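Raw contents of data10.tsv, TSV, C-alpha atoms and all ligand atoms:
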```
chain	number	residue	atom	x	y	z
B	170	MET	CA	-37.59	-25.25	-5.90
B	171	LYS	CA	-40.32	-27.68	-4.92
B	172	LYS	CA	-44.01	-27.14	-5.48
B	173	GLU	CA	-46.56	-28.49	-3.00
B	174	ALA	CA	-48.56	-31.60	-3.86
B	175	CYS	CA	-51.89	-31.08	-2.04
B	176	TYR	CA	-53.96	-27.97	-1.55
B	177	GLN	CA	-53.70	-26.86	2.08
B	178	GLY	CA	-56.25	-24.07	2.02
B	179	VAL	CA	-55.98	-20.28	2.17
B	180	GLU	CA	-52.81	-19.30	4.00
B	181	THR	CA	-50.84	-16.18	4.83
B	182	GLY	CA	-47.18	-15.48	5.50
B	183	PRO	CA	-45.69	-13.81	8.57
B	184	ILE	CA	-45.19	-10.21	7.43
B	185	ARG	CA	-46.39	-7.37	5.25
B	186	PRO	CA	-45.32	-3.72	4.97
B	187	PRO	CA	-47.14	-1.42	7.45
B	188	SER	CA	-48.87	0.27	4.49
B	189	GLU	CA	-50.62	-3.04	3.62
B	190	ALA	CA	-52.63	-3.38	6.85
B	191	GLY	CA	-55.98	-3.34	5.02
B	192	SER	CA	-54.85	-5.50	2.09
B	193	LEU	CA	-55.73	-9.08	1.24
B	194	MET	CA	-52.69	-11.30	1.85
B	195	LEU	CA	-52.26	-13.70	-1.06
B	196	ARG	CA	-49.47	-16.18	-0.55
B	197	ILE	CA	-47.63	-17.03	-3.77
B	198	THR	CA	-44.47	-18.51	-2.26
B	199	ARG	CA	-43.54	-19.61	1.25
B	200	ASN	CA	-40.57	-18.12	3.10
B	201	CYS	CA	-37.41	-16.73	1.49
B	202	PRO	CA	-35.40	-18.35	-1.33
B	203	TRP	CA	-32.22	-16.56	-0.16
B	204	ASN	CA	-32.58	-16.71	3.63
B	205	LYS	CA	-28.97	-15.78	4.38
B	206	CYS	CA	-29.03	-12.13	5.49
B	207	LYS	CA	-27.23	-11.96	8.84
B	208	PHE	CA	-29.66	-9.49	10.40
B	209	CYS	CA	-32.85	-11.34	9.39
B	210	GLY	CA	-34.25	-14.23	11.39
B	211	LEU	CA	-37.74	-14.13	9.92
B	212	TYR	CA	-37.55	-17.30	7.84
B	213	LYS	CA	-34.60	-19.04	9.51
B	214	GLY	CA	-35.03	-22.81	9.52
B	215	LYS	CA	-37.99	-22.58	7.15
B	216	LYS	CA	-37.89	-24.13	3.72
B	217	PHE	CA	-38.70	-22.07	0.65
B	218	SER	CA	-41.45	-23.37	-1.64
B	219	ILE	CA	-43.56	-22.15	-4.53
B	220	ARG	CA	-47.31	-22.67	-4.38
B	221	SER	CA	-48.92	-23.95	-7.55
B	222	VAL	CA	-50.92	-21.57	-9.72
B	223	ASP	CA	-53.96	-23.84	-9.31
B	224	HIS	CA	-53.76	-23.64	-5.52
B	225	ILE	CA	-53.41	-19.86	-5.59
B	226	LYS	CA	-56.44	-19.68	-7.87
B	227	GLN	CA	-58.34	-21.82	-5.35
B	228	ASP	CA	-57.42	-19.28	-2.64
B	229	ILE	CA	-58.79	-16.48	-4.82
B	230	GLU	CA	-62.01	-18.41	-5.49
B	231	ILE	CA	-62.54	-19.12	-1.78
B	232	ILE	CA	-62.01	-15.46	-0.91
B	233	ARG	CA	-64.47	-14.50	-3.71
B	234	LYS	CA	-67.08	-16.88	-2.29
B	235	ASN	CA	-66.63	-15.52	1.24
B	236	ILE	CA	-66.81	-11.92	0.04
B	237	ASP	CA	-70.05	-12.70	-1.82
B	238	GLN	CA	-71.55	-14.20	1.34
B	239	ILE	CA	-70.40	-11.26	3.46
B	240	THR	CA	-71.78	-8.64	1.10
B	241	THR	CA	-75.10	-10.50	0.86
B	242	ALA	CA	-75.39	-10.83	4.65
B	243	MET	CA	-74.40	-7.31	5.59
B	244	ALA	CA	-76.66	-4.32	5.38
B	245	PRO	CA	-75.21	-1.43	3.34
B	246	GLY	CA	-72.95	0.76	5.52
B	247	ASP	CA	-72.58	-1.86	8.27
B	248	SER	CA	-69.09	-2.43	9.60
B	249	VAL	CA	-70.10	-5.21	11.99
B	250	SER	CA	-73.21	-7.27	11.68
B	251	GLN	CA	-74.79	-10.02	13.70
B	252	ASP	CA	-76.01	-11.30	10.32
B	253	LEU	CA	-72.48	-12.58	9.74
B	254	MET	CA	-72.55	-14.98	12.65
B	255	PRO	CA	-74.38	-17.79	10.80
B	256	LEU	CA	-71.62	-17.67	8.18
B	257	VAL	CA	-68.95	-18.68	10.70
B	258	LYS	CA	-71.09	-20.83	12.97
B	259	GLY	CA	-69.76	-24.37	13.03
B	260	THR	CA	-66.73	-23.55	10.90
B	261	THR	CA	-63.25	-24.35	12.15
B	262	GLY	CA	-59.65	-24.26	10.97
B	263	GLN	CA	-59.08	-23.32	7.36
B	264	LYS	CA	-62.69	-22.37	6.59
B	265	ARG	CA	-62.84	-19.99	9.53
B	266	PHE	CA	-59.43	-18.55	8.68
B	267	ALA	CA	-60.45	-17.91	5.06
B	268	PHE	CA	-63.65	-16.22	6.24
B	269	TYR	CA	-61.81	-13.83	8.56
B	270	SER	CA	-59.21	-13.08	5.87
B	271	ALA	CA	-62.05	-12.11	3.55
B	272	LEU	CA	-63.82	-10.12	6.27
B	273	ASN	CA	-60.66	-8.20	7.16
B	274	TRP	CA	-60.19	-7.32	3.51
B	275	TYR	CA	-63.83	-6.35	3.10
B	276	ARG	CA	-63.52	-4.00	6.07
B	277	GLY	CA	-60.29	-2.59	4.61
B	278	GLY	CA	-62.20	-1.54	1.49
B	279	MET	CA	-60.97	-4.33	-0.85
B	280	ALA	CA	-58.75	-1.88	-2.68
B	281	SER	CA	-55.39	-3.64	-2.35
B	282	VAL	CA	-53.73	-7.06	-2.37
B	283	PHE	CA	-50.29	-7.96	-1.03
B	284	LEU	CA	-48.47	-10.92	-2.59
B	285	GLN	CA	-46.44	-12.91	-0.06
B	286	ASP	CA	-43.77	-13.96	1.05
B	287	ALA	CA	-40.28	-12.48	0.62
B	288	ASN	CA	-39.70	-12.63	-3.12
B	289	THR	CA	-42.75	-13.33	-5.29
B	290	LEU	CA	-41.03	-12.33	-8.51
B	291	ILE	CA	-38.89	-15.46	-8.40
B	292	ILE	CA	-41.73	-17.53	-9.88
B	293	LYS	CA	-42.03	-18.04	-13.64
B	294	PRO	CA	-43.13	-14.80	-15.37
B	295	ASP	CA	-45.98	-16.59	-17.18
B	296	ASP	CA	-47.28	-17.93	-13.84
B	297	LEU	CA	-47.20	-14.50	-12.22
B	298	VAL	CA	-49.04	-12.95	-15.16
B	299	GLU	CA	-51.67	-15.73	-15.00
B	300	ILE	CA	-52.19	-15.16	-11.24
B	301	LEU	CA	-52.43	-11.38	-11.65
B	302	ASN	CA	-54.93	-11.70	-14.49
B	303	TYR	CA	-57.05	-14.15	-12.53
B	304	LEU	CA	-57.02	-11.93	-9.45
B	305	ARG	CA	-58.05	-8.88	-11.48
B	306	HIS	CA	-60.73	-10.94	-13.25
B	307	GLN	CA	-62.23	-12.12	-9.94
B	308	PHE	CA	-61.93	-8.70	-8.28
B	309	PRO	CA	-62.00	-5.98	-10.95
B	310	GLU	CA	-62.31	-3.33	-8.21
B	311	ILE	CA	-58.73	-3.85	-6.92
B	312	GLN	CA	-56.71	-0.67	-7.22
B	313	ARG	CA	-53.29	-1.86	-6.05
B	314	ILE	CA	-51.34	-5.13	-6.11
B	315	THR	CA	-48.04	-5.06	-4.23
B	316	SER	CA	-45.18	-7.46	-3.61
B	317	TYR	CA	-41.80	-7.70	-1.92
B	318	ALA	CA	-38.93	-8.60	-4.25
B	319	ARG	CA	-35.16	-8.98	-4.13
B	320	SER	CA	-32.99	-6.77	-6.34
B	321	HIS	CA	-31.03	-9.86	-7.36
B	322	THR	CA	-34.19	-11.43	-8.81
B	323	ILE	CA	-35.48	-8.29	-10.54
B	324	ALA	CA	-32.09	-7.65	-12.17
B	325	ARG	CA	-32.50	-11.00	-13.96
B	326	ILE	CA	-36.01	-10.28	-15.27
B	327	SER	CA	-36.29	-8.73	-18.72
B	328	ASP	CA	-37.82	-5.29	-19.26
B	329	ALA	CA	-40.46	-6.99	-21.41
B	330	ASP	CA	-41.54	-9.29	-18.55
B	331	MET	CA	-41.60	-6.40	-16.07
B	332	GLU	CA	-43.89	-4.56	-18.49
B	333	ARG	CA	-46.14	-7.65	-18.67
B	334	PHE	CA	-46.38	-7.67	-14.85
B	335	ALA	CA	-47.29	-3.99	-14.89
B	336	ALA	CA	-49.90	-4.52	-17.63
B	337	ALA	CA	-51.40	-7.43	-15.64
B	338	GLY	CA	-51.82	-5.14	-12.64
B	339	LEU	CA	-48.74	-5.43	-10.41
B	340	ASN	CA	-48.39	-1.78	-9.52
B	341	ARG	CA	-46.12	-1.55	-6.46
B	342	ILE	CA	-42.90	-3.34	-5.44
B	343	HIS	CA	-41.07	-3.11	-2.11
B	344	ILE	CA	-37.34	-3.81	-2.23
B	345	GLY	CA	-35.23	-4.22	0.90
B	346	MET	CA	-32.17	-2.40	-0.36
B	347	GLU	CA	-31.04	-1.93	3.28
B	348	SER	CA	-27.65	-0.61	2.09
B	349	ALA	CA	-25.85	0.11	-1.15
B	350	ALA	CA	-22.35	0.04	0.33
B	351	ASP	CA	-20.71	-3.08	-1.13
B	352	GLU	CA	-18.66	-3.69	2.04
B	353	VAL	CA	-21.87	-3.71	4.10
B	354	LEU	CA	-23.84	-5.86	1.64
B	355	ASP	CA	-21.00	-8.35	1.55
B	356	PHE	CA	-20.58	-8.45	5.34
B	357	VAL	CA	-24.28	-9.01	6.06
B	358	LYS	CA	-24.61	-11.56	3.20
B	359	LYS	CA	-27.32	-9.66	1.39
B	360	GLY	CA	-26.45	-11.52	-1.80
B	361	VAL	CA	-26.48	-8.42	-3.98
B	362	ASP	CA	-24.21	-5.48	-4.75
B	363	LYS	CA	-24.79	-1.78	-5.30
B	364	LYS	CA	-24.78	-2.08	-9.10
B	365	THR	CA	-27.47	-4.78	-8.99
B	366	HIS	CA	-29.60	-2.72	-6.59
B	367	ILE	CA	-29.46	0.17	-9.06
B	368	THR	CA	-30.20	-2.02	-12.11
B	369	ALA	CA	-33.20	-3.56	-10.34
B	370	GLY	CA	-34.60	-0.27	-9.04
B	371	GLN	CA	-34.31	1.42	-12.42
B	372	ARG	CA	-35.98	-1.58	-14.08
B	373	VAL	CA	-39.01	-1.37	-11.81
B	374	LYS	CA	-39.34	2.34	-12.47
B	375	ARG	CA	-38.95	1.87	-16.23
B	376	ALA	CA	-41.82	-0.60	-16.21
B	377	GLY	CA	-44.05	2.05	-14.66
B	378	ILE	CA	-44.39	0.13	-11.36
B	379	GLU	CA	-44.35	2.16	-8.15
B	380	LEU	CA	-41.19	1.45	-6.15
B	381	SER	CA	-40.55	1.47	-2.39
B	382	GLU	CA	-36.89	1.08	-1.35
B	383	TYR	CA	-35.92	0.41	2.28
B	384	PHE	CA	-32.85	1.90	3.96
B	385	MET	CA	-31.51	0.34	7.15
B	386	PRO	CA	-29.57	2.86	9.28
B	387	GLY	CA	-26.98	1.14	11.47
B	388	LEU	CA	-26.37	-1.83	9.15
B	389	GLY	CA	-22.75	-0.79	8.55
B	390	GLY	CA	-22.02	-0.67	12.27
B	391	ALA	CA	-19.37	1.79	13.46
B	392	GLU	CA	-16.88	0.79	10.77
B	393	PHE	CA	-19.05	1.48	7.73
B	394	SER	CA	-21.54	4.01	9.08
B	395	LYS	CA	-20.44	6.78	6.73
B	396	LYS	CA	-20.33	4.46	3.71
B	397	ASN	CA	-23.74	3.03	4.59
B	398	ALA	CA	-25.17	6.57	4.51
B	399	LEU	CA	-23.38	7.95	1.45
B	400	GLU	CA	-23.37	4.91	-0.84
B	401	THR	CA	-27.04	4.21	-0.15
B	402	ALA	CA	-27.97	7.84	-0.78
B	403	ASP	CA	-26.05	7.68	-4.07
B	404	ALA	CA	-27.94	4.53	-5.15
B	405	MET	CA	-31.27	6.13	-4.22
B	406	ASN	CA	-30.29	9.20	-6.27
B	407	GLN	CA	-29.66	6.98	-9.31
B	408	ILE	CA	-32.98	5.16	-8.89
B	409	ASP	CA	-35.33	7.92	-7.68
B	410	PRO	CA	-37.81	5.50	-6.06
B	411	ASP	CA	-41.35	6.65	-5.35
B	412	PHE	CA	-40.85	5.89	-1.64
B	413	ILE	CA	-37.76	5.69	0.56
B	414	ARG	CA	-38.67	3.86	3.76
B	415	ILE	CA	-36.52	3.87	6.89
B	416	ARG	CA	-36.23	0.70	8.98
B	417	THR	CA	-33.52	0.95	11.64
B	418	LEU	CA	-31.34	-2.10	12.35
B	419	ALA	CA	-32.29	-4.19	15.38
B	420	ILE	CA	-30.18	-7.21	16.31
B	421	THR	CA	-31.94	-10.24	17.75
B	422	ASP	CA	-29.99	-12.65	19.98
B	423	SER	CA	-30.52	-15.54	17.56
B	424	SER	CA	-29.22	-13.68	14.48
B	425	GLU	CA	-25.87	-14.29	12.89
B	426	LEU	CA	-25.10	-10.60	13.39
B	427	ALA	CA	-25.41	-11.06	17.17
B	428	LYS	CA	-22.53	-13.54	16.98
B	429	ASP	CA	-20.46	-10.94	15.11
B	430	VAL	CA	-21.22	-8.46	17.88
B	431	GLN	CA	-20.10	-10.93	20.55
B	432	ALA	CA	-16.91	-11.69	18.63
B	433	GLY	CA	-16.15	-7.97	18.17
B	434	ARG	CA	-16.54	-8.16	14.38
B	435	PHE	CA	-19.49	-5.74	14.37
B	436	ILE	CA	-19.84	-2.69	16.61
B	437	PRO	CA	-23.48	-1.56	16.70
B	438	LEU	CA	-24.41	2.11	16.69
B	439	ASN	CA	-26.35	3.67	19.53
B	440	ASP	CA	-29.33	5.94	18.87
B	441	PRO	CA	-27.37	9.23	18.54
B	442	ASP	CA	-24.84	7.66	16.13
B	443	THR	CA	-27.68	6.08	14.14
B	444	ALA	CA	-29.35	9.50	14.02
B	445	ARG	CA	-26.13	11.02	12.67
B	446	GLU	CA	-25.98	8.31	9.98
B	447	LEU	CA	-29.61	8.86	9.04
B	448	LEU	CA	-29.02	12.61	8.77
B	449	MET	CA	-25.99	12.04	6.53
B	450	PHE	CA	-28.07	9.73	4.32
B	451	LEU	CA	-30.95	12.20	4.02
B	452	GLU	CA	-28.62	15.11	3.32
B	453	GLY	CA	-27.01	13.02	0.56
B	454	LEU	CA	-30.33	12.62	-1.28
B	455	ASP	CA	-30.21	14.94	-4.24
B	456	GLY	CA	-32.14	15.55	-7.45
B	457	ILE	CA	-34.92	13.05	-6.66
B	458	THR	CA	-38.64	13.28	-5.99
B	459	SER	CA	-39.16	10.39	-3.55
B	460	ALA	CA	-41.49	10.47	-0.56
B	461	VAL	CA	-39.56	9.69	2.65
B	462	LYS	CA	-41.42	7.55	5.19
B	463	SER	CA	-40.42	6.49	8.67
B	464	ASP	CA	-43.29	4.11	9.37
B	465	HIS	CA	-41.58	1.41	11.43
B	466	ILE	CA	-41.69	1.09	15.21
B	467	LEU	CA	-37.90	0.53	15.30
B	468	ASN	CA	-37.25	4.08	14.10
B	469	LEU	CA	-36.46	6.74	16.67
B	470	PHE	CA	-38.16	9.46	14.62
B	471	GLN	CA	-41.62	8.84	13.23
B	472	GLU	CA	-41.83	12.45	11.98
B	473	VAL	CA	-39.01	12.01	9.44
B	474	ASP	CA	-41.62	12.17	6.71
B	475	GLY	CA	-42.19	14.27	3.61
B	476	GLN	CA	-41.85	14.71	-0.12
B	477	LEU	CA	-38.51	15.45	-1.71
B	478	PRO	CA	-37.19	17.89	-2.70
B	479	ALA	CA	-39.60	20.43	-1.18
B	480	ASP	CA	-39.72	18.96	2.35
B	481	LYS	CA	-36.03	18.18	2.78
B	482	ALA	CA	-35.49	20.73	5.57
B	483	ALA	CA	-38.62	19.55	7.38
B	484	ILE	CA	-37.61	15.88	7.00
B	485	THR	CA	-34.18	16.44	8.56
B	486	ALA	CA	-35.27	18.99	11.21
B	487	PRO	CA	-36.27	16.47	13.94
B	488	ILE	CA	-32.93	14.67	13.68
B	489	LYS	CA	-31.00	17.93	13.99
B	490	LYS	CA	-33.17	18.90	16.94
B	491	PHE	CA	-32.49	15.59	18.69
B	492	LEU	CA	-28.74	15.80	18.08
B	493	ALA	CA	-28.67	19.33	19.56
B	494	MET	CA	-30.31	18.17	22.81
B	495	ALA	CA	-28.38	17.67	26.05
B	496	PRO	CA	-27.59	13.98	26.85
B	497	GLY	CA	-30.19	13.92	29.65
B	498	GLN	CA	-32.94	15.14	27.35
B	499	GLN	CA	-31.93	12.68	24.61
B	500	MET	CA	-32.06	9.94	27.22
B	501	ILE	CA	-35.60	10.76	28.37
B	502	TYR	CA	-36.80	10.96	24.76
B	503	ARG	CA	-35.24	7.57	24.00
B	504	VAL	CA	-36.87	6.00	27.06
B	505	GLY	CA	-40.26	7.53	26.23
B	506	ARG	CA	-40.09	6.55	22.57
B	507	ARG	CA	-38.93	2.99	23.22
B	508	ALA	CA	-41.50	2.50	25.98
B	509	GLY	CA	-44.26	3.54	23.58
B	510	ILE	CA	-45.03	6.80	25.42
B	511	PHE	CA	-43.66	9.30	22.87
B	512	SER	CA	-44.43	9.27	19.17
B	513	THR	CA	-42.54	12.43	18.18
B	514	LEU	CA	-40.09	14.90	19.71
B	515	ASP	CA	-42.96	17.34	20.28
B	516	ASP	CA	-44.27	14.93	22.93
B	517	LEU	CA	-41.42	16.19	25.15
B	518	ASN	CA	-43.56	19.33	25.55
B	519	SER	CA	-46.45	17.40	27.11
B	520	PRO	CA	-46.22	17.46	30.95
B	521	GLU	CA	-48.44	14.38	31.12
B	522	LEU	CA	-46.32	12.31	28.71
B	523	MET	CA	-43.12	13.60	30.32
B	524	ALA	CA	-44.37	12.38	33.71
B	525	GLN	CA	-45.05	8.93	32.20
B	526	ALA	CA	-41.59	8.84	30.59
B	527	GLU	CA	-39.93	9.85	33.85
B	528	ALA	CA	-41.88	7.14	35.70
B	529	ALA	CA	-40.73	4.57	33.09
B	530	ARG	CA	-37.13	5.81	33.42
B	531	LYS	CA	-37.28	5.30	37.20
B	532	ARG	CA	-39.01	1.94	36.88
B	533	TYR	CA	-36.32	0.60	34.55
B	534	GLY	CA	-33.52	2.40	36.44
B	535	VAL	CA	-32.26	4.08	33.24
B	536	THR	CA	-29.50	6.70	33.38
B	537	VAL	CA	-27.47	8.50	30.73
B	538	ASN	CA	-24.88	5.74	31.16
B	539	THR	CA	-27.28	2.81	30.82
B	540	VAL	CA	-29.70	4.09	28.17
B	541	ASP	CA	-27.86	2.28	25.32
B	542	ALA	CA	-28.30	-1.09	27.04
B	543	PHE	CA	-31.95	-0.28	27.84
B	544	THR	CA	-32.66	0.60	24.21
B	545	GLU	CA	-30.90	-2.50	22.94
B	546	THR	CA	-33.00	-4.74	25.19
B	547	ILE	CA	-36.35	-3.13	24.51
B	548	ILE	CA	-36.14	-2.93	20.71
B	549	LYS	CA	-35.54	-6.68	20.50
B	550	GLN	CA	-39.12	-7.03	21.67
B	551	PHE	CA	-40.33	-5.15	18.58
B	552	ILE	CA	-39.07	-7.79	16.12
F	601	LIG	S1	-33.80	-11.46	1.45
F	601	LIG	FE1	-35.19	-10.46	2.91
F	601	LIG	S2	-36.41	-12.08	3.81
F	601	LIG	FE2	-34.66	-13.06	2.80
F	601	LIG	S3	-33.12	-13.30	4.40
F	601	LIG	FE3	-32.71	-11.35	3.40
F	601	LIG	S4	-33.85	-9.78	4.57
F	601	LIG	FE4	-34.66	-11.83	5.16
```
Output the structure of this file as structure tokens.
Ligand code: SF4
Amino acid sequence: MKKEACYQGVETGPIRPPSEAGSLMLRITRNCPWNKCKFCGLYKGKKFSIRSVDHIKQDIEIIRKNIDQITTAMAPGDSVSQDLMPLVKGTTGQKRFAFYSALNWYRGGMASVFLQDANTLIIKPDDLVEILNYLRHQFPEIQRITSYARSHTIARISDADMERFAAAGLNRIHIGMESAADEVLDFVKKGVDKKTHITAGQRVKRAGIELSEYFMPGLGGAEFSKKNALETADAMNQIDPDFIRIRTLAITDSSELAKDVQAGRFIPLNDPDTARELLMFLEGLDGITSAVKSDHILNLFQEVDGQLPADKAAITAPIKKFLAMAPGQQMIYRVGRRAGIFSTLDDLNSPELMAQAEAARKRYGVTVNTVDAFTETIIKQFI
């Protein structure tokens, strides 16, 4: 793993979880050290590298300087101020980018920081602790520091080091479990098995760090749909993460999985079959206290949301309602949801939104027989 030679200024990576919209993006590594998952094209062709601790500290110092200038220039309570214009006047490139990163964070309340990219915990534990301490020292007001991490990496970190990360202020980790069915993990080249997912998840929890685990309905295709639901629910039950987040599979044309589809090695699920898998997964969750979140645009049901165990019936109710609908009604909901007209099933009760969905259906020429192809095409645009 190569470290960069020259400082290239404040930079950010391509993604963050939806819940980190107001956070400061602090890039610790670039791209993904694994980069083999068949469904993921995010970092394809991009080389992994670790940024030096000194360079990351320079980022933090530049953000500190910009924040100081912003707070001095802005009147208390202002969200936008003409007084800021002199600060950016004449600046270009990196300087301007750093300023707007700081301004975005300032406007977001400066409560949280997200460490990028795909697997920050792969760096040396001492380096991570040093970065966390420096960040907290420069910005004592930070309430939350979050990172993505791979189960494979966390399973190799000692409990003692995880506790050091927690003590230094890392208080939330997002893990893309996607599936805990070994057949699925193997097929999609996730580079981890169910046992490792469980070891890693339990380690994060033991360290007192908040844990978000992602489930990807549809990743087992038709062949492993049931296993994808039941094995993943079983792993979640053994971990009891703070959050279970749903992110439905979408297959881009350039992904390795698309080649498997073309060759007949992978049969993707349509929306109703994915809904059945999701329902099976949720019904398999037992004895845990996780919050279930469906906060990704790829998901058919945004309202699958609540706190286990109390809200289990409410969490599963929309899926059952959808599956009980006639094919024509399911079709219009799918068109409306994928076209960005509907947010929830209740929107079917709005005459105005229904008229928009019907107009979209006509415009795209969608029928009960072609809605699968329509959905497949449109969700590719979301990723
Ligand atoms: S580990 Fe994550 S970022 Fe890396 S290839 Fe897999 S899904 Fe993509």
Taking every listed atom of segment 513-518 of chain B and adding 5 Å to each side, what centre and edge lengths in Å (one decimal) does the axis-aligned box have, as lines of an AutoDock Vina configuration file?
```
center_x = -42.2
center_y = 15.9
center_z = 21.9
size_x = 14.2
size_y = 16.9
size_z = 17.4
```
Expressed in Å, the length from atom CA of Ala495 of chain B to atom CA of Thr536 of chain B is 13.2 Å
Sel. within 12 Å of pt (-39.6, 19.8, 6.3), counting all atoms listed in the file, output as a PyMOL selection string: chain B and resi 451+460-461+472-489
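One finds atom CA of Glu230 of chain B at 28.8 Å from atom CA of Ile323 of chain B.
Atom CA of Ala376 of chain B is found 5.8 Å from atom CA of Met331 of chain B.
Proximity to Lys358 of chain B was assessed for B:Leu426, B:Ile236, B:Ile501, B:Ala267 counting all atoms listed in the file; the smallest distance is recorded for B:Leu426.
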Would you list the contacts of segment 402-408 of chain B as a ChimeraX atom specification, taking every protein, DNA or RNA residue within 6 Å and counting all atoms listed in the file, but skipping same-chain residues closer than 2 positions in sequence? /B:370-371,399-400,410,450,453-454
Hey, which residues come within 9 Å of ligand LIG 601 (chain F) if we count only C-alpha atoms and all ligand atoms? Could you give them as a list in words? Asn200, Cys201, Pro202, Trp203, Asn204, Lys205, Cys206, Lys207, Phe208, Cys209, Gly210, Leu211, Tyr212, Lys213, Asp286, Ala287, Asn288, Tyr317, Ala318, Arg319, Ile344, Gly345, Glu347, Lys358, Lys359 and Gly360 of chain B
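Of the residues under consideration (B:Ile466, B:Ile457, B:Val373, B:Leu290), B:Ile457 shows the shortest atom-to-atom contact distance to Ile413 of chain B when counting all atoms listed in the file.
Of the listed residues (B:Ile367, B:Val430, B:Ile436, B:Ile292), B:Ile436 comes nearest to Gly389 of chain B; the distances count all atoms listed in the file.
Comparing B:Ala398, B:Met254, B:Met500, B:Ala271 by their smallest distance to Arg233 of chain B, the closest is B:Ala271 (using only C-alpha atoms).
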How would you write as number ranges by chain the residues that get within 6 Å of (-29.5, 5.1, 8.6) in the file's frame, counting all atoms listed in the file? B: 385-387, 443, 446-447
Within 10 Å of segment 181-189 of chain B, counting all atoms listed in the file, which residues qualify if same-chain residues fewer than 3 places away don't, as JSON, numbers by chain? {"B": [178, 192, 193, 194, 195, 196, 197, 198, 199, 200, 211, 212, 266, 267, 270, 277, 281, 282, 283, 284, 285, 286, 287, 314, 315, 316, 317, 343, 464, 465, 466]}
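Each of B:Arg265, B:Arg375, B:Arg414, B:Arg445 was compared to Asn397 of chain B using only C-alpha atoms, and B:Arg445 turns out to be the nearest.
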Check the smallest atom-to-atom distance from each of B:Glu310, B:Gly214, B:Met449, B:Gly505 to Ser519 of chain B using all atoms listed in the file, then report the winner. B:Gly505
